[in-house]
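*Asks:* Got a structure here, written out as structure tokens. Questions coming.
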Amino acid sequence: MTSAAPVIVVAPDSFKGSLAAPVICESIREGLRRVWPHADVRACPMADGGEGTLDAVLSAAGGAASRLVHSVRGADGAPRNVAYGVFDRPEGETAVIEVAQIVGITDDAAMRTPVLDRTTTGLGELLRSLLDDGITRFMIGLGGSSTNDGGAGMLQALGVRLARRDGSVVAPTPRGLAELESVDARDLDARVAQAQITIMSDVSNPLCGPRGATAVFGPQKGVAAHDVETIDATLAAFAREVERALGRSVANAPGAGAAGGLGFALQLVGARFASGAGIVAELVGLDAALQGADWAIAGEGRSDMQTLLGKAPLVVARRAAQAGVPVSLLSGSIDDAALPAFAAHFAGCFALPAGPASLASCIADAPRLLADRAEQMGRLLDAARMK
């Protein structure tokens, strides 16, 4: 490097429940330009399929995309307006859906409903509406869901009949599926089979078992420890019936356990998995931005060992390494236990609070904290460059 103003790629994921990735980019840019007023700061807002994916994709698509709103049922069954995007791609018009917008774990109202009674019906409703609009290509980010219904709600909304022994329809929730006796897929919307659905996720877990949706992700959604085995058995029974009805077996496929089993239901109707962060990296032009760069900054709300399972900061670090660009991590918080493992990927790891602070105050003051921390990171690099 020389003493000239550097070229810096800023590629953070969103800070869940706090700031969107494009806003984080601007805050970091502000801090860096306190050090280098003329620095070439290249913003590449990232996402990996969870909260913030829609914002990142729309930001990357620019004028070729539209942000739209549709009313569907949330996880608690109550109507809610959800945002989605439609943008032009070389292969045709594509809808971008962020599951967290529909059944997000940050939806306090829905989270007050027991997880046994939450459903993914709203996703099926949105898909059906978009199919009515003539859209046949979908990108669906699965991160940040509050549901654990195996995708039953989505399937029911798309025409799959879930019934008791007497023929009456069961509720597409973990509680309702406990009464499931038969599945009839003859009325599944035929247009789904013709659609091209790409799932954006970094989860490789199967639907059931010790690494399944309920055992691994259920507790953070409210599944009590004493209910894990029962709910897992319910989803396993549901999977056997719906797989038989559709003539496909995907319960053990990588990613079937994503989003409480939405990964299972979507693969069951023909969706394909892809790295969410990888897709977003392509859309935002991360590789091109890294060419000729002096430094890159990645980040997310909280970094821990799960970061190394394919989340956005790891994707940024790997692509930066391929381009010969050092990359540092700037996150809301960092698990100290992960620092030794992070050392292989990041040239320094930095968290926001400079001292004791409450989560609420950090969230409220996140833009300033980001700018201040980016400034100090920049001053450290500037000192090294001047040697």
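For the structure tokens, the naming scheme is as follows: chains receive sequential letters (A, B, ...) according to their order of presentation, residues are indexed from 1 within each chain, and ligands are indexed from 1 in presentation order.
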Got a sec: who's within 12 Å of Ala215 in chain A, counting only C-alpha atoms, leaving out chain neighbours fewer than 6 positions off, as a list in words?

*Replies:* Asn148, Asn205, Pro206, Leu207, Cys208, Gly209, Lys221, Gly222, Val223, Ala224, Ala225, His226, Asp227, Val228, Glu229, Thr230, Ile231, Asp232, Ala233, Leu235, Gly257, Ala258, Gly260 and Gly261 of chain A

*Asks:* Name the residues in contact with range 50-53 of chain A at a cut-off of 6 Å, using only C-alpha atoms, excluding same-chain residues fewer than 2 positions from it; report them as a tab-separated table (two decimals) with N, CA and C atoms, in the first residue's frame.

*Replies:*
```
chain	number	residue	atom	x	y	z
A	14	SER	N	-26.66	-7.18	7.55
A	14	SER	CA	-27.45	-6.34	8.44
A	14	SER	C	-27.18	-6.70	9.89
A	20	ALA	N	-30.13	-1.92	8.70
A	20	ALA	CA	-30.02	-2.59	7.42
A	20	ALA	C	-28.60	-2.43	6.89
A	47	ALA	N	-25.93	-10.02	2.60
A	47	ALA	CA	-26.97	-10.76	3.31
A	47	ALA	C	-26.74	-12.23	3.01
A	48	ASP	N	-27.33	-13.11	3.82
A	48	ASP	CA	-27.13	-14.54	3.58
A	48	ASP	C	-28.45	-15.32	3.51
A	55	ASP	N	-33.41	-6.01	1.43
A	55	ASP	CA	-32.78	-4.70	1.29
A	55	ASP	C	-31.50	-4.80	0.47
A	56	ALA	N	-30.70	-5.83	0.73
A	56	ALA	CA	-29.43	-5.97	0.02
A	56	ALA	C	-29.65	-6.22	-1.46
A	100	ALA	N	-38.24	-13.80	6.67
A	100	ALA	CA	-38.27	-13.03	7.91
A	100	ALA	C	-39.28	-11.90	7.85
A	141	GLY	N	-35.23	-16.12	0.68
A	141	GLY	CA	-34.29	-16.16	1.80
A	141	GLY	C	-34.96	-16.76	3.02
A	142	LEU	N	-34.34	-17.78	3.62
A	142	LEU	CA	-35.00	-18.53	4.68
A	142	LEU	C	-34.59	-18.15	6.10
A	143	GLY	N	-33.63	-17.31	6.29
A	143	GLY	CA	-33.15	-17.02	7.64
A	143	GLY	C	-34.12	-16.22	8.48
A	144	GLY	N	-33.97	-16.36	9.80
A	144	GLY	CA	-34.70	-15.52	10.74
A	144	GLY	C	-36.16	-15.86	10.93
```

*Asks:* Nearest to Ala341 in chain A among A:Ala323, A:Leu370, A:Leu158, A:Leu308, with distances taken over only C-alpha atoms: which residue is it?

*Replies:*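 Going through A:Ala323, A:Leu370, A:Leu158, A:Leu308 one by one, the smallest distance to Ala341 in chain A is for A:Leu308.
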
*Asks:* Measuring between only C-alpha atoms, which one of A:Pro313, A:Gly151, A:Pro114, A:Gly85 shows the shortest distance to Arg175 in chain A?

*Replies:* A:Pro114

*Asks:* Between A:Val269, A:Ala110, A:Ala5, A:Val57, which is the closest to Asp76 in chain A once you count only C-alpha atoms?

*Replies:*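 With only C-alpha atoms as the atom set, the closest residue is A:Ala110.
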